[in-house]
file upload_8.tsv (TSV, C-alpha atoms)
chain	number	residue	atom	x	y	z
P	1	MET	CA	115.86	77.91	97.96
P	2	ALA	CA	116.56	81.61	98.45
P	3	GLU	CA	118.19	80.97	101.85
P	4	LYS	CA	120.86	78.69	100.34
P	5	LYS	CA	122.42	81.52	98.37
P	6	PRO	CA	124.64	83.95	100.28
P	7	LYS	CA	122.65	87.05	101.09
P	8	LYS	CA	122.99	90.19	99.04
P	9	ARG	CA	124.34	93.12	101.02
P	10	ILE	CA	123.97	96.90	101.07
P	11	ALA	CA	126.50	99.15	102.83
P	12	ILE	CA	125.59	102.78	103.42
P	13	ILE	CA	127.42	105.80	104.80
P	14	ALA	CA	125.07	108.35	106.40
P	15	SER	CA	126.88	111.68	106.59
P	16	LYS	CA	124.02	114.19	106.80
P	17	GLY	CA	121.97	115.15	109.82
P	18	THR	CA	118.99	116.93	108.31
P	19	LEU	CA	115.47	115.50	108.36
P	20	ASP	CA	115.33	114.91	104.60
P	21	MET	CA	118.72	113.24	104.42
P	22	ALA	CA	118.04	110.94	107.37
P	23	TYR	CA	115.37	109.10	105.38
P	24	PRO	CA	117.24	107.49	102.46
P	25	PRO	CA	119.73	105.42	104.52
P	26	LEU	CA	117.01	104.15	106.85
P	27	ILE	CA	114.45	103.45	104.13
P	28	LEU	CA	116.98	101.56	102.02
P	29	ALA	CA	118.40	99.58	104.93
P	30	THR	CA	115.01	98.53	106.32
P	31	THR	CA	113.69	97.65	102.87
P	32	ALA	CA	116.83	95.64	102.17
P	33	ILE	CA	116.15	93.55	105.29
P	34	ALA	CA	112.57	93.01	104.09
P	35	MET	CA	114.01	91.79	100.78
P	36	ASP	CA	116.17	89.20	102.57
P	37	MET	CA	119.34	91.25	102.16
P	38	GLU	CA	121.89	92.29	104.78
P	39	ALA	CA	122.26	95.98	105.55
P	40	GLY	CA	124.69	98.14	107.46
P	41	ILE	CA	124.89	101.91	108.01
P	42	PHE	CA	128.01	103.81	109.06
P	43	PHE	CA	127.05	107.13	110.67
P	44	THR	CA	129.68	109.82	110.39
P	45	PHE	CA	129.85	113.55	111.09
P	46	TYR	CA	126.37	115.10	111.01
P	47	GLY	CA	124.91	111.70	110.28
P	48	LEU	CA	125.53	110.90	113.94
P	49	ASN	CA	122.55	113.12	114.76
P	50	ILE	CA	120.30	110.38	113.38
P	51	ILE	CA	121.36	108.00	116.16
P	52	LYS	CA	121.98	110.60	118.88
P	53	LYS	CA	119.39	110.42	121.66
P	54	SER	CA	119.11	114.20	122.03
P	55	THR	CA	118.64	114.96	118.31
P	56	MET	CA	117.06	111.92	116.62
P	57	ASN	CA	113.53	113.10	117.46
P	58	SER	CA	114.14	116.67	116.34
P	59	LEU	CA	116.03	116.56	113.05
P	60	LYS	CA	115.41	119.72	111.05
P	61	ILE	CA	115.23	121.00	107.53
P	62	ALA	CA	116.56	124.45	106.65
P	63	PRO	CA	114.87	126.69	104.06
P	64	LEU	CA	118.04	128.81	103.80
P	65	GLY	CA	119.94	128.02	100.61
P	66	ASN	CA	117.38	125.34	99.78
P	67	PRO	CA	115.60	126.19	96.52
P	68	ALA	CA	114.01	122.73	96.49
P	69	MET	CA	111.57	123.42	99.34
P	70	PRO	CA	108.01	122.68	98.14
P	71	VAL	CA	107.11	126.24	99.11
P	72	PRO	CA	110.23	128.14	98.00
P	73	MET	CA	111.40	130.78	100.41
P	74	PRO	CA	113.72	133.68	99.50
P	75	ASN	CA	117.05	133.31	101.30
P	76	ILE	CA	116.65	136.65	103.00
P	77	ILE	CA	113.46	135.36	104.63
P	78	GLY	CA	114.92	131.90	105.27
P	79	ALA	CA	117.74	133.53	107.22
P	80	LEU	CA	115.34	134.98	109.81
P	81	PRO	CA	115.22	133.36	113.25
P	82	GLY	CA	112.56	130.66	113.52
P	83	MET	CA	112.39	129.92	109.80
P	84	THR	CA	114.19	126.57	110.09
P	85	ALA	CA	111.78	125.53	112.84
P	86	MET	CA	108.84	126.65	110.71
P	87	ALA	CA	110.04	124.78	107.62
P	88	THR	CA	110.57	121.69	109.78
P	89	VAL	CA	107.04	121.86	111.18
P	90	MET	CA	105.66	122.22	107.65
P	91	MET	CA	107.67	119.29	106.35
P	92	LYS	CA	106.67	117.07	109.26
P	93	SER	CA	103.03	117.98	108.73
P	94	TRP	CA	103.22	117.01	105.03
P	95	MET	CA	104.94	113.79	105.96
P	96	GLY	CA	102.33	113.07	108.59
P	97	LYS	CA	99.54	113.58	106.06
P	98	ALA	CA	101.28	111.22	103.65
P	99	ASN	CA	101.65	108.61	106.42
P	100	VAL	CA	105.40	108.49	106.05
P	101	ALA	CA	107.18	106.64	108.84
P	102	THR	CA	109.04	108.80	111.35
P	103	ILE	CA	112.81	108.60	111.77
P	104	PRO	CA	112.56	106.99	115.25
P	105	GLN	CA	110.14	104.39	113.83
P	106	LEU	CA	112.54	103.55	111.01
P	107	ILE	CA	115.49	103.30	113.41
P	108	GLN	CA	113.54	100.89	115.60
P	109	THR	CA	112.58	98.85	112.53
P	110	ALA	CA	116.22	98.81	111.47
P	111	ILE	CA	117.39	97.60	114.89
P	112	ASP	CA	114.62	94.98	115.10
P	113	GLY	CA	115.43	93.76	111.59
P	114	GLY	CA	119.14	93.36	112.30
P	115	VAL	CA	120.54	96.30	110.34
P	116	ARG	CA	124.09	96.85	111.59
P	117	LEU	CA	124.48	100.42	112.81
P	118	TRP	CA	127.96	101.79	113.40
P	119	ALA	CA	128.97	105.19	114.73
P	120	CYS	CA	132.20	106.66	113.42
P	121	GLN	CA	134.63	106.77	116.34
P	122	MET	CA	136.58	109.68	114.91
P	123	ALA	CA	133.50	111.83	114.31
P	124	MET	CA	132.36	111.08	117.86
P	125	GLU	CA	135.68	112.42	119.16
P	126	VAL	CA	135.31	115.54	117.02
P	127	MET	CA	131.75	116.15	118.23
P	128	GLY	CA	132.57	115.28	121.83
P	129	LEU	CA	130.08	112.39	121.90
P	130	LYS	CA	130.16	109.42	124.25
P	131	LYS	CA	128.65	106.03	123.50
P	132	SER	CA	125.96	106.82	126.10
P	133	ASP	CA	124.89	109.83	123.98
P	134	LEU	CA	123.85	107.43	121.21
P	135	ILE	CA	120.83	105.13	121.10
P	136	ASP	CA	120.95	101.56	122.39
P	137	GLY	CA	121.01	98.64	120.02
P	138	ILE	CA	123.89	99.82	117.87
P	139	GLU	CA	127.36	98.35	117.50
P	140	ASP	CA	130.46	99.68	119.20
P	141	PRO	CA	131.92	102.76	117.47
P	142	VAL	CA	134.38	101.84	114.74
P	143	GLY	CA	136.62	103.35	112.09
P	144	ALA	CA	136.90	103.30	108.33
P	145	ALA	CA	138.55	99.88	108.22
P	146	THR	CA	135.57	98.13	109.83
P	147	PHE	CA	133.15	99.74	107.40
P	148	LEU	CA	135.35	98.92	104.43
P	149	ASP	CA	135.69	95.33	105.57
P	150	TYR	CA	131.87	95.13	105.51
P	151	ALA	CA	131.44	97.16	102.31
P	152	VAL	CA	134.01	95.28	100.27
P	153	ASP	CA	131.66	92.28	100.26
P	154	ALA	CA	128.56	94.39	99.57
P	155	ASP	CA	126.55	94.36	96.35
P	156	VAL	CA	125.37	97.94	96.81
P	157	SER	CA	127.37	100.72	98.46
P	158	LEU	CA	126.07	104.24	98.93
P	159	PHE	CA	127.35	107.48	100.37
P	160	ILE	CA	124.48	109.66	101.52
Q	161	MET	CA	88.47	82.42	90.69
Q	162	GLU	CA	88.15	83.28	94.35
Q	163	ILE	CA	91.38	83.04	96.31
Q	164	LYS	CA	91.07	82.24	99.97
Q	165	SER	CA	93.61	84.17	101.97
Q	166	ASP	CA	94.94	83.02	105.33
Q	167	LYS	CA	95.78	86.50	106.52
Q	168	PHE	CA	94.76	90.05	105.65
Q	169	LEU	CA	97.05	93.09	105.80
Q	170	ASP	CA	95.76	96.62	105.30
Q	171	CYS	CA	98.43	99.05	104.03
Q	172	LYS	CA	96.00	101.58	102.61
Q	173	GLY	CA	97.22	105.15	103.09
Q	174	LEU	CA	100.78	104.06	103.85
Q	175	ASN	CA	103.77	105.14	101.81
Q	176	CYS	CA	107.12	103.62	100.93
Q	177	PRO	CA	108.68	101.71	102.56
Q	178	LEU	CA	105.92	100.72	105.02
Q	179	PRO	CA	103.83	98.43	102.75
Q	180	ILE	CA	106.92	96.32	101.99
Q	181	LEU	CA	108.10	96.29	105.61
Q	182	LYS	CA	104.66	95.29	106.88
Q	183	THR	CA	104.23	92.66	104.16
Q	184	LYS	CA	107.53	91.09	105.12
Q	185	LYS	CA	106.53	91.04	108.78
Q	186	ALA	CA	103.10	89.62	108.03
Q	187	ILE	CA	104.43	86.84	105.84
Q	188	GLU	CA	106.82	85.75	108.55
Q	189	ASP	CA	103.84	84.63	110.64
Q	190	LEU	CA	102.51	82.36	107.88
Q	191	GLN	CA	103.35	78.75	107.07
Q	192	ILE	CA	104.81	77.86	103.70
Q	193	GLY	CA	101.99	77.63	101.17
Q	194	GLN	CA	99.67	79.98	103.06
Q	195	ILE	CA	98.41	83.14	101.38
Q	196	LEU	CA	98.61	86.76	102.47
Q	197	GLU	CA	96.16	89.31	101.08
Q	198	MET	CA	97.54	92.84	101.15
Q	199	HIS	CA	95.75	96.07	100.20
Q	200	ALA	CA	97.73	99.22	99.42
Q	201	THR	CA	97.07	102.64	97.91
Q	202	ASP	CA	100.73	103.52	97.25
Q	203	PRO	CA	100.97	103.49	93.42
Q	204	GLY	CA	104.62	102.47	93.74
Q	205	SER	CA	103.64	99.32	95.58
Q	206	LYS	CA	102.87	97.52	92.32
Q	207	ASN	CA	106.46	97.58	91.12
Q	208	ASP	CA	107.85	97.40	94.64
Q	209	MET	CA	105.90	94.26	95.48
Q	210	ALA	CA	107.08	92.64	92.24
Q	211	ALA	CA	110.71	93.42	93.13
Q	212	TRP	CA	110.19	92.19	96.67
Q	213	SER	CA	108.63	88.97	95.40
Q	214	LYS	CA	111.51	88.41	93.00
Q	215	ARG	CA	114.10	88.88	95.75
Q	216	THR	CA	112.42	86.94	98.54
Q	217	GLY	CA	110.92	84.19	96.38
Q	218	ASN	CA	107.45	84.67	97.84
Q	219	GLU	CA	105.04	84.38	94.95
Q	220	ILE	CA	102.46	86.98	93.96
Q	221	ILE	CA	99.72	84.75	92.64
Q	222	LYS	CA	97.23	87.48	91.81
Q	223	THR	CA	96.95	91.26	91.73
Q	224	ASN	CA	93.90	93.42	91.37
Q	225	GLU	CA	93.18	97.10	91.20
Q	226	ASN	CA	89.97	98.48	92.53
Q	227	ASN	CA	89.27	102.22	92.85
Q	228	GLY	CA	92.89	103.09	93.49
Q	229	VAL	CA	93.41	100.17	95.86
Q	230	PHE	CA	96.00	97.63	94.81
Q	231	ILE	CA	95.27	94.12	96.01
Q	232	PHE	CA	97.99	91.51	96.23
Q	233	PHE	CA	97.72	87.82	96.98
Q	234	VAL	CA	101.09	86.48	98.07
Q	235	ARG	CA	101.89	82.84	98.62
Q	236	LYS	CA	104.63	82.19	101.11
Q	237	THR	CA	107.15	79.97	99.36
Q	238	SER	CA	110.29	80.45	101.41
Q	239	LEU	CA	111.31	80.93	105.03
call {"tool": "encode", "arguments": {"input": "upload_8.tsv", "output": "structure tokens"}}
result
Amino acid sequence: MAEKKPKKRIAIIASKGTLDMAYPPLILATTAIAMDMEAGIFFTFYGLNIIKKSTMNSLKIAPLGNPAMPVPMPNIIGALPGMTAMATVMMKSWMGKANVATIPQLIQTAIDGGVRLWACQMAMEVMGLKKSDLIDGIEDPVGAATFLDYAVDADVSLFI
Amino acid sequence: MEIKSDKFLDCKGLNCPLPILKTKKAIEDLQIGQILEMHATDPGSKNDMAAWSKRTGNEIIKTNENNGVFIFFVRKTSL
């Protein structure tokens, strides 16, 4: 019954490369697959860090200029060396206690579930990235037209 | 009435989106008509499971709450 209807689709642009901002695209895309939808994520600029082999396991969160940290930190303290690493360790420890999936786990779930993952070719040029710098299991790098061609038929489109 | 489940899935302690992702995976292994029993502690899972059921067509035939544990019985109704 449900499989006769064309599938609903979500198209997401992931433009941020911090730990907190890596979650929403991956959570939404993997959940969409679980809800029998199609999902695709276009990674551009700092968002490429989410699918870059050398950074995907070590995304960070900065306390500097971030008044939303659960333990607020004055900017003058947040600017000190090591504070970003410390805030990241704290955040990961809270997430671990809450049994939140890790970014690499969600990426693997996304790939296994058939989420289409595109890297922005232009941003790769800017950042000096080669295809071999990115994880396996993603599509060939593409430009805006490919994403738009996918997104124009989507029911939900998000820029994150 | 006692419902006999064909498969049990423990999602206690897990947070969004894992209960939904694991439920989807677990139900894939069942035959149409078979029943999955899922336990979760995520308070959001009540609404999330309802939305998931609505979208996938798999039917939640019974829910229970017991000491902060949400219990779902899901009948697989679609592939």
call {"tool": "residues_around", "arguments": {"input": "upload_8.tsv", "residues": "Gln194 (chain Q)", "least_positions_apart": "3", "cutoff": "8 Å", "atoms": "only C-alpha atoms", "output": "PDB file with C-alpha atoms, keeping the file's coordinate frame"}}
result
ATOM      1  CA  SER Q 165      93.610  84.170 101.970  1.00  0.00           C
ATOM      2  CA  ASP Q 166      94.940  83.020 105.330  1.00  0.00           C
ATOM      3  CA  LEU Q 190     102.510  82.360 107.880  1.00  0.00           C
ATOM      4  CA  GLN Q 191     103.350  78.750 107.070  1.00  0.00           C
ATOM      5  CA  ARG Q 235     101.890  82.840  98.620  1.00  0.00           C
ATOM      6  CA  LYS Q 236     104.630  82.190 101.110  1.00  0.00           C
TER       7      LYS Q 236
END
call {"tool": "closest_residue", "arguments": {"input": "upload_8.tsv", "among": "Q:Pro203, Q:Leu196, Q:Thr237, Q:Asn227", "to": "Arg215 (chain Q)", "atoms": "all atoms listed in the file"}}
result
Q:Thr237
call {"tool": "closest_atom_pairs", "arguments": {"input": "upload_8.tsv", "of": "chain Q", "to": "chain P", "cutoff": "7 Å", "atoms": "only C-alpha atoms", "output": "CSV"}}
result
residue,atom,partner,partner_atom,distance
Q:Gly173,CA,P:Asn99,CA,6.5
Q:Leu174,CA,P:Asn99,CA,5.3
Q:Asn175,CA,P:Val100,CA,5.6
Q:Pro177,CA,P:Ile27,CA,6.2
Q:Ile180,CA,P:Ala34,CA,6.9
Q:Leu181,CA,P:Ala34,CA,5.7
Q:Lys184,CA,P:Ala34,CA,5.5
Q:Trp212,CA,P:Met35,CA,5.6
Q:Arg215,CA,P:Met35,CA,5.8
Q:Thr216,CA,P:Met35,CA,5.6
Q:Gly217,CA,P:Ala2,CA,6.5
call {"tool": "closest_residue", "arguments": {"input": "upload_8.tsv", "among": "Q:Asp189, Q:Lys164, Q:Asp202, Q:Glu197", "to": "Cys176 (chain Q)", "atoms": "all atoms listed in the file"}}
result
Q:Asp202
call {"tool": "axis_aligned_box", "arguments": {"input": "upload_8.tsv", "around": "region 218-229 of chain Q", "padding_each_side": "6 Å", "output": "AutoDock Vina command-line options"}}
result
--center_x 98.4 --center_y 93.7 --center_z 94.5 --size_x 30.2 --size_y 30.7 --size_z 18.6
call {"tool": "atom_distance", "arguments": {"input": "upload_8.tsv", "atom1": "CA of Asp136 (chain P)", "atom2": "CA of Met56 (chain P)"}}
result
12.5 Å
call {"tool": "atom_distance", "arguments": {"input": "upload_8.tsv", "atom1": "CA of Arg116 (chain P)", "atom2": "CA of Glu139 (chain P)"}}
result
6.9 Å
call {"tool": "atom_distance", "arguments": {"input": "upload_8.tsv", "atom1": "CA of His199 (chain Q)", "atom2": "CA of Asp170 (chain Q)"}}
result
5.1 Å
call {"tool": "closest_residue", "arguments": {"input": "upload_8.tsv", "among": "Q:Lys185, Q:Ile163, Q:Pro179, Q:Ile192", "to": "Lys222 (chain Q)", "atoms": "only C-alpha atoms"}}
result
Q:Ile163
call {"tool": "closest_residue", "arguments": {"input": "upload_8.tsv", "among": "P:Gly114, P:Pro70, P:Pro24, P:Gly40", "to": "Leu148 (chain P)", "atoms": "all atoms listed in the file"}}
result
P:Gly40
call {"tool": "closest_residue", "arguments": {"input": "upload_8.tsv", "among": "Q:Leu169, Q:Ser213, Q:Asn224, Q:Thr183", "to": "Ser238 (chain Q)", "atoms": "only C-alpha atoms"}}
result
Q:Ser213
call {"tool": "residues_around", "arguments": {"input": "upload_8.tsv", "residues": "Phe230 (chain Q)", "least_positions_apart": "4", "cutoff": "10 Å", "atoms": "only C-alpha atoms", "output": "PyMOL selection string"}}
result
chain Q and resi 171-172+198-206+223-226
call {"tool": "residues_near_point", "arguments": {"input": "upload_8.tsv", "point": "(121.6, 114.0, 112.8)", "cutoff": "10 Å", "atoms": "only C-alpha atoms", "output": "PyMOL selection string"}}
result
chain P and resi 14-19+21-22+43-60
call {"tool": "residues_around", "arguments": {"input": "upload_8.tsv", "residues": "Met124 (chain P)", "least_positions_apart": "3", "cutoff": "10 Å", "atoms": "only C-alpha atoms", "output": "VMD selection string"}}
result
chain P and resid 43 to 46 48 119 to 121 127 to 131 133 to 134 141 to 142
